[in-house]
Each structure stands twice: as structure tokens, then as C-alpha cells.
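Asker: This is the structure, below, for whatever I ask next.
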Amino acid sequence: MEKKRIYLASPTMHGKEQEFIKEAFDTNWVAPLGPNVNAFEKEMTAYTGAGHAAALSAGTAAIHLAVKLLGIGEGDVVFVSDLTFSATCNPIAYEKATPVFIDAEPDTWNMSPKALEKAFEKYPNPKAVICVYLYGTPAKIDEIMAICKKHNVPFVEDAAESLGSTYKGKYTGTFGKFGIYSFNGNKIITTSGGGMLVSEDEEAIKRATFLATQARDPARHYQHSQIGYNYRMSNIVAGIGRGQLLYLDEHKARKQAIYKQYQEAFADIPEITMNPLEPNSDCNNWLSCMTIAKGSSVTPDHVMDALEAENIESRPIWKPMHEQPVFAACDFIPHNEDGSSVGSDIFARGLCLPSDIKNTPEDMERIIGIVRKCFGK
């Protein structure tokens, strides 16, 4: 008999989502846009403290619109986190701009302020800095923002993984010129697929909404003076998001409990270190991750294979962007003085542990037992 499948992070529905969806069906608002979209934007800004929001089809769409709104185009340089998923960087390439990848630093696994300073020495005039908050952990935001301010360069937050996380009491995604959120199926709340662009700049968000609805001019007939995109969120999808948002704090508390349980369970195994948390932050712990000490006979593949053999899903750490074939020609700015990559080291020694909030105590015991066995415990 096959053992129960345990997922890395799967959607958790509560029933309230169906009420908003039913309302959309009952009122025939099943087409794109509608009351749920408008309400979801308002409810997200109320929760996060962001000034204005545009609900979109994906987090990638939100990043792309931020890139467009900042006037980034062919030949422009953009500094971007190296240790991330490619969706952070692809919109830079859409506009034929040039990404320069900024290494991670050990304290948070996020963009290194030291490497960022070095990047400005080499490329004095980038058009933007795009920083990712990996696995829900905020970066050293004050330091990065101070560097951006010194060089008068806009700061964009890829908070796709960190919705609900705070830095010094303020929600991630609300510090920079633009913030982006993702509601992909594995995120802390989901709309099955979707994203949001937020900013204090009301005119910029109005412009984003215009571009996201095919840039249709305000004429009676269909007239277009600019290239637009089909990026707006649907009313049905937004209904799911409204229902999910009601449970964001609950999801966050459960994610934090999972991280703490792993941390305590592996405390007696010196080879295991859990992913670091920024000390001034309240992290959503979207995914709990671990690294294995150098020189250990156990490898991440060993642990992931042992879990998969028991029908348990895990995942490697993101492969750094400067190691990706598609970005092989792009520059990389390392954190370490010897030129070695912090992100590459994390990738080589790390893995993401099952972090599904539906995991039962028995599920967690099963996962922990398998990992401990790998280390002879």
C-alpha cells in the first residue's frame, strides 16, 4: 500500500473562498474584472499598508509592469538578486535590459549589501535594484535602501514569497517604489495563479492598470496608442484571494510553527543548520529550509531521495541565476572577497523541507524521523 503523499506546500482552502466565488456566479460576474477584484485590491492594501494596488494575472506580470513603469529598456542595467527563481529576472530580459546578478549574503540568504556596493562601483548608473525576500525572510532592507537612496536608484521588492512578513514592524512589499506579491498555488495564500503590484504612487498604479488591460485608450471605439498586456486578474480568481486573505495570519502562524519544530528536532545534529531569519523581522517562514555542513557524508540529494522514497516531496534550493544557461552572458557580483558565491554554496548544501500547513503531527514526525535517520539519529 502506497504511503500518504506529503507535499512541499499545497493550497489550503477553508470554505470562505467559495462564498466569494458563488457571489460572482450568482451576479454573473465571471468575466475578467468585477467587484471581487476591486475588493481584493482594497483588502490587500488595508492589510499590508500599501498605498495602492493592481491585481494581476501573476507575480511575474507585476514585476514586468514595474520594469515598464520605471522606463527600463534595451541596454539598461538592472541589479537583481542572484539567489532566486527566474521569474524575478525574466521581465528584465523581456525589455531587452541587462540583469547584473547580486550575490546573497549568509545572514539572510538575500541580496548582499556589500556586493550591491561593489556593483555600483562597477556599474554606476543602473535603472533599478530588484531584491527578493527568499523563502519569506526579509533582506537587510535598511542597508539596501540606504545604498539605493545614496545612488538615487529606485528599489523594487519581489515579495512573492514573503507576504505577511514584516521588517521592523512594516510589511514587506511596502518599502520600495514598487512591491510585488504572488498568489501562485504553493504560496502562503493562493488564488491558484495571480499576483499584485503595490505602490504609494497612485498614478503609477493607475498606469499599471491601464497597461494591464491592453492599454485601451479612453475612446468609445477600440483605440490603442501603446502596446498593452492582458495581465488583469479575473473576478473568480480574486474571490479565491479574498477568502484566502482572511486566513493569512493563521497560515503564517502555522508556517512559523513548522519552522520551529524542525529547528528543535534537528538541534542535536551539528551538520544541519536551518535557513537564517533576519533578526529585525517577523518572517512568514513560507518554506523551511536546511543546509548541510561542508564535509558531511550526507548530501541534499541523499535527504531528498530518502524523503521521496517515502512519498514525501522536498525541493532543492533555487539554483542561482548566474549559473543558469540562459543568463550565462550576464555579470555576477560576489559577496566574498575571493570571488566565490554565497548563493552557489547555499544551493550546493541546501534543500527545502516539506512546509505544508496541513501536515499533521504524525506527518511531521514521519518527515523528521526520515531526515534524522539520514544522519544516523
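Here's how to read the names in the C-alpha cells: chain A, B, ... by the order shown, residue numbers from 1 in each chain, ligand numbers from 1 in the order shown.
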As a compact mmCIF listing (two decimals) with all heavy atoms, in the first residue's frame, please: the residues near region 168-175 of chain A (cut-off 12 Å, only C-alpha atoms, same-chain neighbours under 3 positions excluded).

Answerer:
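Written output follows (selection.txt):
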```
# COMPACT_ATOMS: atom_id res chain seq x y z
N MET A 44 -6.16 44.03 0.34
CA MET A 44 -4.71 43.82 0.41
C MET A 44 -3.99 45.08 0.87
O MET A 44 -3.05 45.01 1.67
CB MET A 44 -4.18 43.39 -0.96
CG MET A 44 -4.29 41.90 -1.21
SD MET A 44 -3.14 40.92 -0.22
CE MET A 44 -1.58 41.43 -0.92
N THR A 45 -4.43 46.24 0.38
CA THR A 45 -3.78 47.49 0.83
C THR A 45 -4.10 47.75 2.30
O THR A 45 -3.25 48.24 3.04
CB THR A 45 -4.20 48.69 -0.03
OG1 THR A 45 -5.63 48.81 -0.03
CG2 THR A 45 -3.72 48.53 -1.46
N ALA A 46 -5.30 47.39 2.72
CA ALA A 46 -5.65 47.56 4.13
C ALA A 46 -4.81 46.65 5.02
O ALA A 46 -4.37 47.05 6.11
CB ALA A 46 -7.14 47.26 4.34
N TYR A 47 -4.55 45.45 4.57
CA TYR A 47 -3.77 44.50 5.37
C TYR A 47 -2.30 44.91 5.42
O TYR A 47 -1.69 44.95 6.49
CB TYR A 47 -3.89 43.08 4.78
CG TYR A 47 -3.12 42.05 5.57
CD1 TYR A 47 -3.72 41.31 6.58
CD2 TYR A 47 -1.76 41.83 5.32
CE1 TYR A 47 -3.00 40.38 7.32
CE2 TYR A 47 -1.03 40.91 6.06
CZ TYR A 47 -1.65 40.18 7.06
OH TYR A 47 -0.93 39.27 7.78
N THR A 48 -1.71 45.22 4.26
CA THR A 48 -0.27 45.45 4.19
C THR A 48 0.14 46.88 4.51
O THR A 48 1.29 47.14 4.86
CB THR A 48 0.27 45.12 2.78
OG1 THR A 48 -0.37 45.99 1.83
CG2 THR A 48 0.00 43.67 2.42
N GLY A 49 -0.80 47.81 4.34
CA GLY A 49 -0.45 49.22 4.48
C GLY A 49 0.10 49.82 3.21
O GLY A 49 0.54 50.98 3.20
N ALA A 50 0.08 49.06 2.12
CA ALA A 50 0.49 49.61 0.82
C ALA A 50 -0.52 50.67 0.40
O ALA A 50 -1.71 50.58 0.71
CB ALA A 50 0.56 48.49 -0.22
N GLY A 51 -0.07 51.66 -0.34
CA GLY A 51 -0.96 52.75 -0.71
C GLY A 51 -2.01 52.36 -1.74
O GLY A 51 -3.20 52.64 -1.57
N HIS A 52 -1.55 51.71 -2.81
CA HIS A 52 -2.45 51.39 -3.94
C HIS A 52 -2.02 50.06 -4.53
O HIS A 52 -0.85 49.65 -4.40
CB HIS A 52 -2.38 52.50 -5.00
CG HIS A 52 -2.63 53.86 -4.42
ND1 HIS A 52 -3.90 54.35 -4.21
CD2 HIS A 52 -1.76 54.82 -3.98
CE1 HIS A 52 -3.81 55.56 -3.67
NE2 HIS A 52 -2.53 55.87 -3.53
N ALA A 53 -2.96 49.38 -5.19
CA ALA A 53 -2.68 48.04 -5.68
C ALA A 53 -3.38 47.77 -7.00
O ALA A 53 -4.47 48.28 -7.26
CB ALA A 53 -3.11 46.99 -4.65
N ALA A 62 3.41 41.43 -12.44
CA ALA A 62 3.64 42.59 -11.58
C ALA A 62 5.08 43.10 -11.72
O ALA A 62 5.32 44.31 -11.81
CB ALA A 62 3.33 42.23 -10.13
N ILE A 63 6.03 42.18 -11.75
CA ILE A 63 7.42 42.59 -11.93
C ILE A 63 7.61 43.24 -13.30
O ILE A 63 8.28 44.28 -13.43
CB ILE A 63 8.37 41.38 -11.78
CG1 ILE A 63 8.29 40.81 -10.37
CG2 ILE A 63 9.82 41.80 -12.08
CD1 ILE A 63 9.05 39.52 -10.18
N ILE A 130 16.30 45.28 -7.90
CA ILE A 130 15.18 44.38 -7.61
C ILE A 130 15.67 43.33 -6.62
O ILE A 130 16.55 42.53 -6.94
CB ILE A 130 14.63 43.70 -8.87
CG1 ILE A 130 14.20 44.76 -9.90
CG2 ILE A 130 13.47 42.78 -8.52
CD1 ILE A 130 13.70 44.17 -11.22
N CYS A 131 15.10 43.35 -5.43
CA CYS A 131 15.55 42.49 -4.33
C CYS A 131 14.46 41.49 -3.96
O CYS A 131 13.30 41.88 -3.75
CB CYS A 131 15.92 43.34 -3.13
SG CYS A 131 16.44 42.40 -1.68
N VAL A 132 14.84 40.23 -3.85
CA VAL A 132 13.92 39.15 -3.49
C VAL A 132 14.04 38.86 -1.99
O VAL A 132 15.14 38.92 -1.43
CB VAL A 132 14.27 37.88 -4.27
CG1 VAL A 132 13.36 36.72 -3.88
CG2 VAL A 132 14.18 38.13 -5.76
N TYR A 133 12.91 38.51 -1.36
CA TYR A 133 12.91 38.08 0.03
C TYR A 133 12.72 36.56 0.04
O TYR A 133 11.61 36.05 0.07
CB TYR A 133 11.81 38.79 0.81
CG TYR A 133 11.94 40.30 0.77
CD1 TYR A 133 10.81 41.11 0.62
CD2 TYR A 133 13.18 40.91 0.87
CE1 TYR A 133 10.93 42.48 0.58
CE2 TYR A 133 13.30 42.30 0.82
CZ TYR A 133 12.18 43.08 0.69
OH TYR A 133 12.30 44.45 0.64
N LEU A 134 13.85 35.87 0.05
CA LEU A 134 13.87 34.43 -0.20
C LEU A 134 13.19 33.63 0.90
O LEU A 134 13.50 33.80 2.09
CB LEU A 134 15.33 33.98 -0.35
CG LEU A 134 15.54 32.69 -1.12
CD1 LEU A 134 15.23 32.89 -2.60
CD2 LEU A 134 16.98 32.22 -0.95
N GLY A 136 10.54 33.83 2.26
CA GLY A 136 9.75 34.60 3.22
C GLY A 136 10.54 35.44 4.18
O GLY A 136 9.97 36.15 5.00
N THR A 137 11.88 35.40 4.09
CA THR A 137 12.74 36.14 5.02
C THR A 137 13.13 37.49 4.43
O THR A 137 13.72 37.54 3.35
CB THR A 137 14.02 35.35 5.33
OG1 THR A 137 13.66 34.09 5.90
CG2 THR A 137 14.91 36.11 6.30
N PRO A 138 12.82 38.59 5.10
CA PRO A 138 13.24 39.90 4.59
C PRO A 138 14.76 40.03 4.51
O PRO A 138 15.50 39.39 5.27
CB PRO A 138 12.67 40.87 5.62
CG PRO A 138 11.52 40.14 6.23
CD PRO A 138 11.95 38.71 6.28
N ALA A 139 15.20 40.84 3.58
CA ALA A 139 16.63 41.16 3.44
C ALA A 139 17.01 42.21 4.49
O ALA A 139 16.20 42.61 5.33
CB ALA A 139 16.88 41.70 2.04
N LYS A 140 18.26 42.66 4.44
CA LYS A 140 18.70 43.79 5.26
C LYS A 140 18.20 45.06 4.59
O LYS A 140 18.94 45.81 3.95
CB LYS A 140 20.22 43.76 5.40
CG LYS A 140 20.72 42.54 6.18
CD LYS A 140 22.24 42.48 6.23
CE LYS A 140 22.70 41.30 7.07
NZ LYS A 140 24.18 41.15 7.07
N ILE A 141 16.91 45.30 4.74
CA ILE A 141 16.21 46.32 3.94
C ILE A 141 16.77 47.72 4.18
O ILE A 141 16.99 48.47 3.22
CB ILE A 141 14.69 46.26 4.20
CG1 ILE A 141 14.13 44.91 3.73
CG2 ILE A 141 13.98 47.41 3.50
CD1 ILE A 141 12.65 44.71 4.03
N ASP A 142 17.03 48.07 5.43
CA ASP A 142 17.56 49.41 5.71
C ASP A 142 18.87 49.66 4.97
O ASP A 142 19.07 50.73 4.39
CB ASP A 142 17.78 49.59 7.21
CG ASP A 142 16.50 49.90 7.96
OD1 ASP A 142 15.46 50.10 7.30
OD2 ASP A 142 16.54 49.95 9.21
N ILE A 144 20.08 48.12 2.27
CA ILE A 144 19.89 48.14 0.81
C ILE A 144 19.22 49.43 0.37
O ILE A 144 19.63 50.04 -0.63
CB ILE A 144 19.09 46.90 0.37
CG1 ILE A 144 19.93 45.63 0.58
CG2 ILE A 144 18.66 47.02 -1.10
CD1 ILE A 144 19.18 44.35 0.39
N MET A 145 18.21 49.86 1.12
CA MET A 145 17.53 51.11 0.76
C MET A 145 18.45 52.32 0.89
O MET A 145 18.38 53.25 0.08
CB MET A 145 16.28 51.29 1.62
CG MET A 145 15.13 50.37 1.25
SD MET A 145 13.63 50.74 2.17
CE MET A 145 13.22 52.36 1.54
N ALA A 146 19.32 52.29 1.89
CA ALA A 146 20.27 53.41 2.06
C ALA A 146 21.23 53.49 0.87
O ALA A 146 21.55 54.58 0.38
CB ALA A 146 21.06 53.23 3.36
N CYS A 148 20.54 52.39 -2.19
CA CYS A 148 19.74 52.85 -3.33
C CYS A 148 19.51 54.36 -3.26
O CYS A 148 19.60 55.06 -4.28
CB CYS A 148 18.40 52.11 -3.37
SG CYS A 148 18.52 50.36 -3.79
N PRO A 154 15.80 53.56 -7.96
CA PRO A 154 14.58 53.00 -7.37
C PRO A 154 14.78 51.57 -6.89
O PRO A 154 15.50 50.77 -7.50
CB PRO A 154 13.56 53.08 -8.51
CG PRO A 154 14.34 53.26 -9.75
CD PRO A 154 15.61 53.94 -9.38
N PHE A 155 14.10 51.27 -5.80
CA PHE A 155 14.16 49.97 -5.14
C PHE A 155 12.84 49.24 -5.38
O PHE A 155 11.76 49.78 -5.09
CB PHE A 155 14.41 50.18 -3.65
CG PHE A 155 14.42 48.94 -2.81
CD1 PHE A 155 15.21 47.85 -3.13
CD2 PHE A 155 13.63 48.87 -1.66
CE1 PHE A 155 15.23 46.71 -2.33
CE2 PHE A 155 13.64 47.74 -0.86
CZ PHE A 155 14.44 46.65 -1.19
N VAL A 156 12.92 48.02 -5.91
CA VAL A 156 11.73 47.20 -6.17
C VAL A 156 11.82 45.94 -5.31
O VAL A 156 12.87 45.27 -5.29
CB VAL A 156 11.62 46.81 -7.66
CG1 VAL A 156 10.40 45.92 -7.90
CG2 VAL A 156 11.56 48.06 -8.53
N GLU A 157 10.74 45.62 -4.61
CA GLU A 157 10.71 44.45 -3.73
C GLU A 157 9.96 43.30 -4.38
O GLU A 157 8.76 43.42 -4.64
CB GLU A 157 10.02 44.79 -2.41
CG GLU A 157 10.68 45.88 -1.60
CD GLU A 157 9.78 46.31 -0.46
OE1 GLU A 157 9.85 45.69 0.61
OE2 GLU A 157 8.98 47.25 -0.65
N ASP A 158 10.66 42.21 -4.61
CA ASP A 158 9.99 40.98 -5.01
C ASP A 158 9.62 40.24 -3.73
O ASP A 158 10.39 39.45 -3.18
CB ASP A 158 10.91 40.12 -5.89
CG ASP A 158 10.24 38.84 -6.36
OD1 ASP A 158 9.16 38.50 -5.84
OD2 ASP A 158 10.79 38.16 -7.25
N ALA A 159 8.41 40.54 -3.26
CA ALA A 159 7.89 39.94 -2.02
C ALA A 159 6.96 38.77 -2.32
O ALA A 159 6.07 38.46 -1.53
CB ALA A 159 7.17 41.01 -1.19
N ALA A 160 7.19 38.11 -3.46
CA ALA A 160 6.35 36.99 -3.87
C ALA A 160 6.25 35.92 -2.80
O ALA A 160 5.19 35.32 -2.61
CB ALA A 160 6.88 36.38 -5.18
N GLU A 161 7.37 35.68 -2.10
CA GLU A 161 7.42 34.61 -1.12
C GLU A 161 7.20 35.11 0.31
O GLU A 161 7.12 34.30 1.24
CB GLU A 161 8.78 33.90 -1.21
CG GLU A 161 9.04 33.29 -2.59
CD GLU A 161 10.44 32.73 -2.76
OE1 GLU A 161 11.20 32.64 -1.76
OE2 GLU A 161 10.80 32.37 -3.89
N SER A 162 7.10 36.42 0.50
CA SER A 162 7.14 36.97 1.87
C SER A 162 5.89 37.72 2.29
O SER A 162 5.94 38.51 3.24
CB SER A 162 8.36 37.90 2.02
OG SER A 162 8.20 39.07 1.24
N LEU A 163 4.77 37.49 1.61
CA LEU A 163 3.53 38.15 2.04
C LEU A 163 3.24 37.80 3.50
O LEU A 163 3.24 36.63 3.89
CB LEU A 163 2.36 37.70 1.16
CG LEU A 163 0.98 38.24 1.54
CD1 LEU A 163 0.94 39.76 1.47
CD2 LEU A 163 -0.10 37.63 0.66
N GLY A 164 3.03 38.82 4.30
CA GLY A 164 2.77 38.63 5.73
C GLY A 164 4.00 38.80 6.59
O GLY A 164 3.90 38.94 7.81
N SER A 165 5.19 38.78 5.99
CA SER A 165 6.42 39.03 6.75
C SER A 165 6.57 40.52 7.01
O SER A 165 6.19 41.35 6.16
CB SER A 165 7.65 38.54 5.98
OG SER A 165 7.61 37.15 5.79
N PHE A 178 8.13 50.08 -5.81
CA PHE A 178 7.10 49.08 -6.12
C PHE A 178 7.35 47.82 -5.29
O PHE A 178 8.49 47.47 -5.00
CB PHE A 178 7.13 48.69 -7.61
CG PHE A 178 6.75 49.80 -8.54
CD1 PHE A 178 7.72 50.44 -9.31
CD2 PHE A 178 5.43 50.22 -8.65
CE1 PHE A 178 7.37 51.47 -10.18
CE2 PHE A 178 5.08 51.25 -9.50
CZ PHE A 178 6.05 51.89 -10.27
N GLY A 179 6.24 47.16 -4.94
CA GLY A 179 6.31 45.85 -4.31
C GLY A 179 5.46 44.89 -5.10
O GLY A 179 4.45 45.29 -5.71
N ILE A 180 5.85 43.63 -5.13
CA ILE A 180 5.05 42.64 -5.85
C ILE A 180 4.77 41.45 -4.94
O ILE A 180 5.60 41.05 -4.12
CB ILE A 180 5.71 42.20 -7.18
CG1 ILE A 180 6.86 41.20 -6.94
CG2 ILE A 180 6.22 43.38 -7.97
CD1 ILE A 180 6.50 39.79 -7.21
N TYR A 181 3.57 40.91 -5.10
CA TYR A 181 3.15 39.70 -4.38
C TYR A 181 2.73 38.64 -5.39
O TYR A 181 2.29 38.97 -6.50
CB TYR A 181 1.99 39.99 -3.43
CG TYR A 181 2.28 41.03 -2.38
CD1 TYR A 181 1.59 42.24 -2.35
CD2 TYR A 181 3.26 40.81 -1.41
CE1 TYR A 181 1.85 43.20 -1.39
CE2 TYR A 181 3.53 41.78 -0.45
CZ TYR A 181 2.82 42.96 -0.44
OH TYR A 181 3.09 43.91 0.52
N SER A 182 2.85 37.39 -4.98
CA SER A 182 2.40 36.27 -5.81
C SER A 182 1.38 35.45 -5.04
O SER A 182 1.51 35.27 -3.83
CB SER A 182 3.59 35.37 -6.17
OG SER A 182 3.14 34.17 -6.77
N MET A 196 0.05 40.71 -7.53
CA MET A 196 -0.39 42.08 -7.26
C MET A 196 0.82 43.00 -7.26
O MET A 196 1.89 42.64 -6.77
CB MET A 196 -1.12 42.16 -5.92
CG MET A 196 -1.97 43.40 -5.77
SD MET A 196 -3.13 43.30 -4.36
CE MET A 196 -4.39 42.21 -5.01
N LEU A 197 0.64 44.17 -7.84
CA LEU A 197 1.63 45.24 -7.81
C LEU A 197 1.14 46.31 -6.85
O LEU A 197 -0.02 46.74 -6.95
CB LEU A 197 1.81 45.83 -9.21
CG LEU A 197 2.85 46.95 -9.34
CD1 LEU A 197 4.26 46.41 -9.17
CD2 LEU A 197 2.71 47.65 -10.70
N VAL A 198 2.00 46.74 -5.93
CA VAL A 198 1.60 47.77 -4.97
C VAL A 198 2.61 48.91 -4.98
O VAL A 198 3.79 48.73 -5.31
CB VAL A 198 1.46 47.20 -3.54
CG1 VAL A 198 0.37 46.13 -3.49
CG2 VAL A 198 2.78 46.65 -3.01
N SER A 199 2.12 50.09 -4.63
CA SER A 199 2.98 51.28 -4.58
C SER A 199 2.26 52.39 -3.85
O SER A 199 1.02 52.43 -3.81
CB SER A 199 3.32 51.74 -6.01
OG SER A 199 4.11 52.91 -6.00
N GLU A 200 3.04 53.31 -3.30
CA GLU A 200 2.46 54.53 -2.74
C GLU A 200 2.08 55.51 -3.84
O GLU A 200 1.31 56.45 -3.61
CB GLU A 200 3.48 55.20 -1.79
CG GLU A 200 3.70 54.47 -0.49
CD GLU A 200 2.43 54.35 0.34
OE1 GLU A 200 1.73 55.37 0.51
OE2 GLU A 200 2.13 53.23 0.79
N ASP A 201 2.60 55.28 -5.03
CA ASP A 201 2.38 56.17 -6.17
C ASP A 201 1.07 55.80 -6.87
O ASP A 201 1.01 54.85 -7.66
CB ASP A 201 3.56 56.04 -7.13
CG ASP A 201 3.53 57.06 -8.27
OD1 ASP A 201 2.43 57.58 -8.58
OD2 ASP A 201 4.59 57.31 -8.86
N GLU A 278 16.05 36.98 9.52
CA GLU A 278 16.52 38.34 9.78
C GLU A 278 16.05 38.75 11.18
O GLU A 278 14.87 38.68 11.49
CB GLU A 278 15.93 39.28 8.71
CG GLU A 278 16.78 40.50 8.40
CD GLU A 278 16.81 41.50 9.52
OE1 GLU A 278 15.78 41.65 10.22
OE2 GLU A 278 17.85 42.15 9.72
N PRO A 279 16.96 39.16 12.07
CA PRO A 279 16.60 39.38 13.48
C PRO A 279 15.61 40.51 13.73
O PRO A 279 14.93 40.52 14.76
CB PRO A 279 17.94 39.65 14.16
CG PRO A 279 18.86 40.07 13.06
CD PRO A 279 18.40 39.34 11.84
N ASN A 280 15.52 41.47 12.80
CA ASN A 280 14.57 42.58 12.97
C ASN A 280 13.22 42.28 12.33
O ASN A 280 12.39 43.18 12.20
CB ASN A 280 15.15 43.85 12.33
CG ASN A 280 16.42 44.31 13.01
OD1 ASN A 280 16.43 44.60 14.19
ND2 ASN A 280 17.51 44.35 12.26
N SER A 281 13.01 41.03 11.97
CA SER A 281 11.84 40.66 11.17
C SER A 281 10.94 39.67 11.89
O SER A 281 11.36 38.95 12.80
CB SER A 281 12.28 40.04 9.84
OG SER A 281 13.09 40.93 9.11
N ASP A 282 9.71 39.64 11.43
CA ASP A 282 8.77 38.58 11.77
C ASP A 282 8.48 37.86 10.46
O ASP A 282 7.70 38.35 9.63
CB ASP A 282 7.49 39.17 12.38
CG ASP A 282 6.49 38.11 12.80
OD1 ASP A 282 6.93 37.02 13.23
OD2 ASP A 282 5.27 38.35 12.71
N CYS A 283 9.14 36.73 10.25
CA CYS A 283 9.12 36.05 8.95
C CYS A 283 7.91 35.14 8.81
O CYS A 283 7.49 34.52 9.79
CB CYS A 283 10.40 35.24 8.76
SG CYS A 283 11.90 36.20 8.95
N ASN A 284 7.40 35.03 7.60
CA ASN A 284 6.27 34.12 7.39
C ASN A 284 6.69 32.66 7.24
O ASN A 284 5.85 31.77 7.21
CB ASN A 284 5.42 34.57 6.19
CG ASN A 284 6.08 34.30 4.84
OD1 ASN A 284 7.15 33.71 4.74
ND2 ASN A 284 5.42 34.74 3.78
```

Asker: So that I can see what lies close to region 31-34 of chain A, please list as a list in words the residues with an atom at most 9 Å from it, counting only C-alpha atoms and leaving out residues fewer than 6 positions away in the same chain.

Answerer: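 So the residues in contact are Ala24, Arg232, Met233, Ser234, Asn235, Ile236 and Ala238 of chain A.
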
Asker: Go ahead and write the residues just picked, N, CA and C atoms, as a PDB file, in the first residue's frame.

Answerer:
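Full text of selection_21.pdb as output:
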```
ATOM      1  N   ALA A  24     -19.889  35.748  -7.211  1.00  0.00           N
ATOM      2  CA  ALA A  24     -19.536  36.119  -8.581  1.00  0.00           C
ATOM      3  C   ALA A  24     -20.419  35.385  -9.587  1.00  0.00           C
ATOM      4  N   ARG A 232      -4.666  41.521 -16.269  1.00  0.00           N
ATOM      5  CA  ARG A 232      -5.544  41.750 -15.127  1.00  0.00           C
ATOM      6  C   ARG A 232      -6.065  40.444 -14.539  1.00  0.00           C
ATOM      7  N   MET A 233      -6.307  40.470 -13.244  1.00  0.00           N
ATOM      8  CA  MET A 233      -6.838  39.313 -12.535  1.00  0.00           C
ATOM      9  C   MET A 233      -8.327  39.159 -12.831  1.00  0.00           C
ATOM     10  N   SER A 234      -8.807  37.914 -12.857  1.00  0.00           N
ATOM     11  CA  SER A 234     -10.230  37.675 -13.092  1.00  0.00           C
ATOM     12  C   SER A 234     -11.022  37.804 -11.791  1.00  0.00           C
ATOM     13  N   ASN A 235     -12.302  38.046 -11.926  1.00  0.00           N
ATOM     14  CA  ASN A 235     -13.167  38.219 -10.765  1.00  0.00           C
ATOM     15  C   ASN A 235     -13.305  36.931  -9.960  1.00  0.00           C
ATOM     16  N   ILE A 236     -13.268  35.780 -10.638  1.00  0.00           N
ATOM     17  CA  ILE A 236     -13.358  34.497  -9.944  1.00  0.00           C
ATOM     18  C   ILE A 236     -12.099  34.267  -9.109  1.00  0.00           C
ATOM     19  N   ALA A 238      -9.984  36.446  -8.022  1.00  0.00           N
ATOM     20  CA  ALA A 238      -9.930  37.415  -6.923  1.00  0.00           C
ATOM     21  C   ALA A 238     -10.810  36.980  -5.758  1.00  0.00           C
TER      22      ALA A 238
END
```

Asker: Please return as number ranges by chain: the residues of region 25-229 of chain A that backbone DSSP assigns to helix (DSSP H, G or I).

Answerer: A: 25-26, 35-48, 59-69, 86-88, 90-94, 113-122, 134-136, 141-150, 202-212

Asker: Kindly save the residues from that selection, with C-alpha atoms included, as an mmCIF file, in the first residue's frame.

Answerer:
```cif
data_model
loop_
_atom_site.group_PDB
_atom_site.id
_atom_site.type_symbol
_atom_site.label_atom_id
_atom_site.label_comp_id
_atom_site.auth_asym_id
_atom_site.auth_seq_id
_atom_site.Cartn_x
_atom_site.Cartn_y
_atom_site.Cartn_z
ATOM 1 C CA PHE A 25 -21.559 33.343 -10.240
ATOM 2 C CA ASP A 26 -24.845 34.494 -8.732
ATOM 3 C CA PRO A 35 -16.344 43.536 -7.592
ATOM 4 C CA ASN A 36 -14.053 40.832 -6.200
ATOM 5 C CA VAL A 37 -11.047 42.344 -7.989
ATOM 6 C CA ASN A 38 -11.772 45.819 -6.632
ATOM 7 C CA ALA A 39 -12.378 44.478 -3.127
ATOM 8 C CA PHE A 40 -9.291 42.263 -3.148
ATOM 9 C CA GLU A 41 -7.110 45.245 -4.033
ATOM 10 C CA LYS A 42 -8.622 47.296 -1.193
ATOM 11 C CA GLU A 43 -8.353 44.454 1.304
ATOM 12 C CA MET A 44 -4.709 43.823 0.406
ATOM 13 C CA THR A 45 -3.782 47.485 0.827
ATOM 14 C CA ALA A 46 -5.652 47.559 4.130
ATOM 15 C CA TYR A 47 -3.768 44.501 5.370
ATOM 16 C CA THR A 48 -0.269 45.452 4.188
ATOM 17 C CA GLY A 59 3.557 37.930 -9.795
ATOM 18 C CA THR A 60 5.703 37.892 -12.940
ATOM 19 C CA ALA A 61 3.239 40.284 -14.579
ATOM 20 C CA ALA A 62 3.637 42.593 -11.583
ATOM 21 C CA ILE A 63 7.424 42.588 -11.935
ATOM 22 C CA HIS A 64 7.134 43.211 -15.670
ATOM 23 C CA LEU A 65 4.872 46.209 -15.144
ATOM 24 C CA ALA A 66 7.245 47.594 -12.501
ATOM 25 C CA VAL A 67 10.060 47.287 -15.042
ATOM 26 C CA LYS A 68 7.919 49.063 -17.678
ATOM 27 C CA LEU A 69 6.852 51.826 -15.298
ATOM 28 C CA SER A 86 13.910 33.005 -12.798
ATOM 29 C CA ALA A 87 10.548 34.831 -12.714
ATOM 30 C CA THR A 88 12.307 37.667 -10.861
ATOM 31 C CA ASN A 90 12.798 37.269 -16.863
ATOM 32 C CA PRO A 91 10.896 40.598 -17.099
ATOM 33 C CA ILE A 92 14.244 42.407 -17.307
ATOM 34 C CA ALA A 93 15.011 40.308 -20.366
ATOM 35 C CA TYR A 94 11.529 40.933 -21.820
ATOM 36 C CA PRO A 113 24.581 44.978 0.675
ATOM 37 C CA LYS A 114 28.361 44.528 0.326
ATOM 38 C CA ALA A 115 28.003 43.016 -3.145
ATOM 39 C CA LEU A 116 25.491 45.727 -4.055
ATOM 40 C CA GLU A 117 28.007 48.443 -3.168
ATOM 41 C CA LYS A 118 30.587 46.690 -5.358
ATOM 42 C CA ALA A 119 28.055 46.558 -8.181
ATOM 43 C CA PHE A 120 27.580 50.335 -8.048
ATOM 44 C CA GLU A 121 31.353 50.788 -8.284
ATOM 45 C CA LYS A 122 31.379 48.739 -11.480
ATOM 46 C CA LEU A 134 13.870 34.433 -0.204
ATOM 47 C CA TYR A 135 11.587 31.824 1.378
ATOM 48 C CA GLY A 136 9.745 34.598 3.215
ATOM 49 C CA ILE A 141 16.211 46.318 3.939
ATOM 50 C CA ASP A 142 17.557 49.410 5.707
ATOM 51 C CA GLU A 143 21.065 48.856 4.346
ATOM 52 C CA ILE A 144 19.894 48.135 0.810
ATOM 53 C CA MET A 145 17.528 51.112 0.758
ATOM 54 C CA ALA A 146 20.269 53.406 2.059
ATOM 55 C CA ILE A 147 22.532 52.311 -0.798
ATOM 56 C CA CYS A 148 19.742 52.853 -3.335
ATOM 57 C CA LYS A 149 18.982 56.290 -1.885
ATOM 58 C CA LYS A 150 22.653 57.276 -1.977
ATOM 59 C CA GLU A 202 -1.298 56.257 -7.151
ATOM 60 C CA GLU A 203 -0.612 57.469 -10.679
ATOM 61 C CA ALA A 204 1.869 54.659 -11.248
ATOM 62 C CA ILE A 205 -0.706 52.046 -10.195
ATOM 63 C CA LYS A 206 -3.321 53.664 -12.462
ATOM 64 C CA ARG A 207 -0.786 53.440 -15.270
ATOM 65 C CA ALA A 208 -0.099 49.784 -14.428
ATOM 66 C CA THR A 209 -3.824 49.032 -14.542
ATOM 67 C CA PHE A 210 -4.074 50.740 -17.940
ATOM 68 C CA LEU A 211 -1.185 48.729 -19.371
ATOM 69 C CA ALA A 212 -2.556 45.527 -17.849
#
```

Asker: Can you work out which one of A:Thr84, A:Ser112, A:Ser314, A:Asn152 has the shortest atom-to-atom distance to Phe347 (chain A), counting only C-alpha atoms?

Answerer: A:Thr84
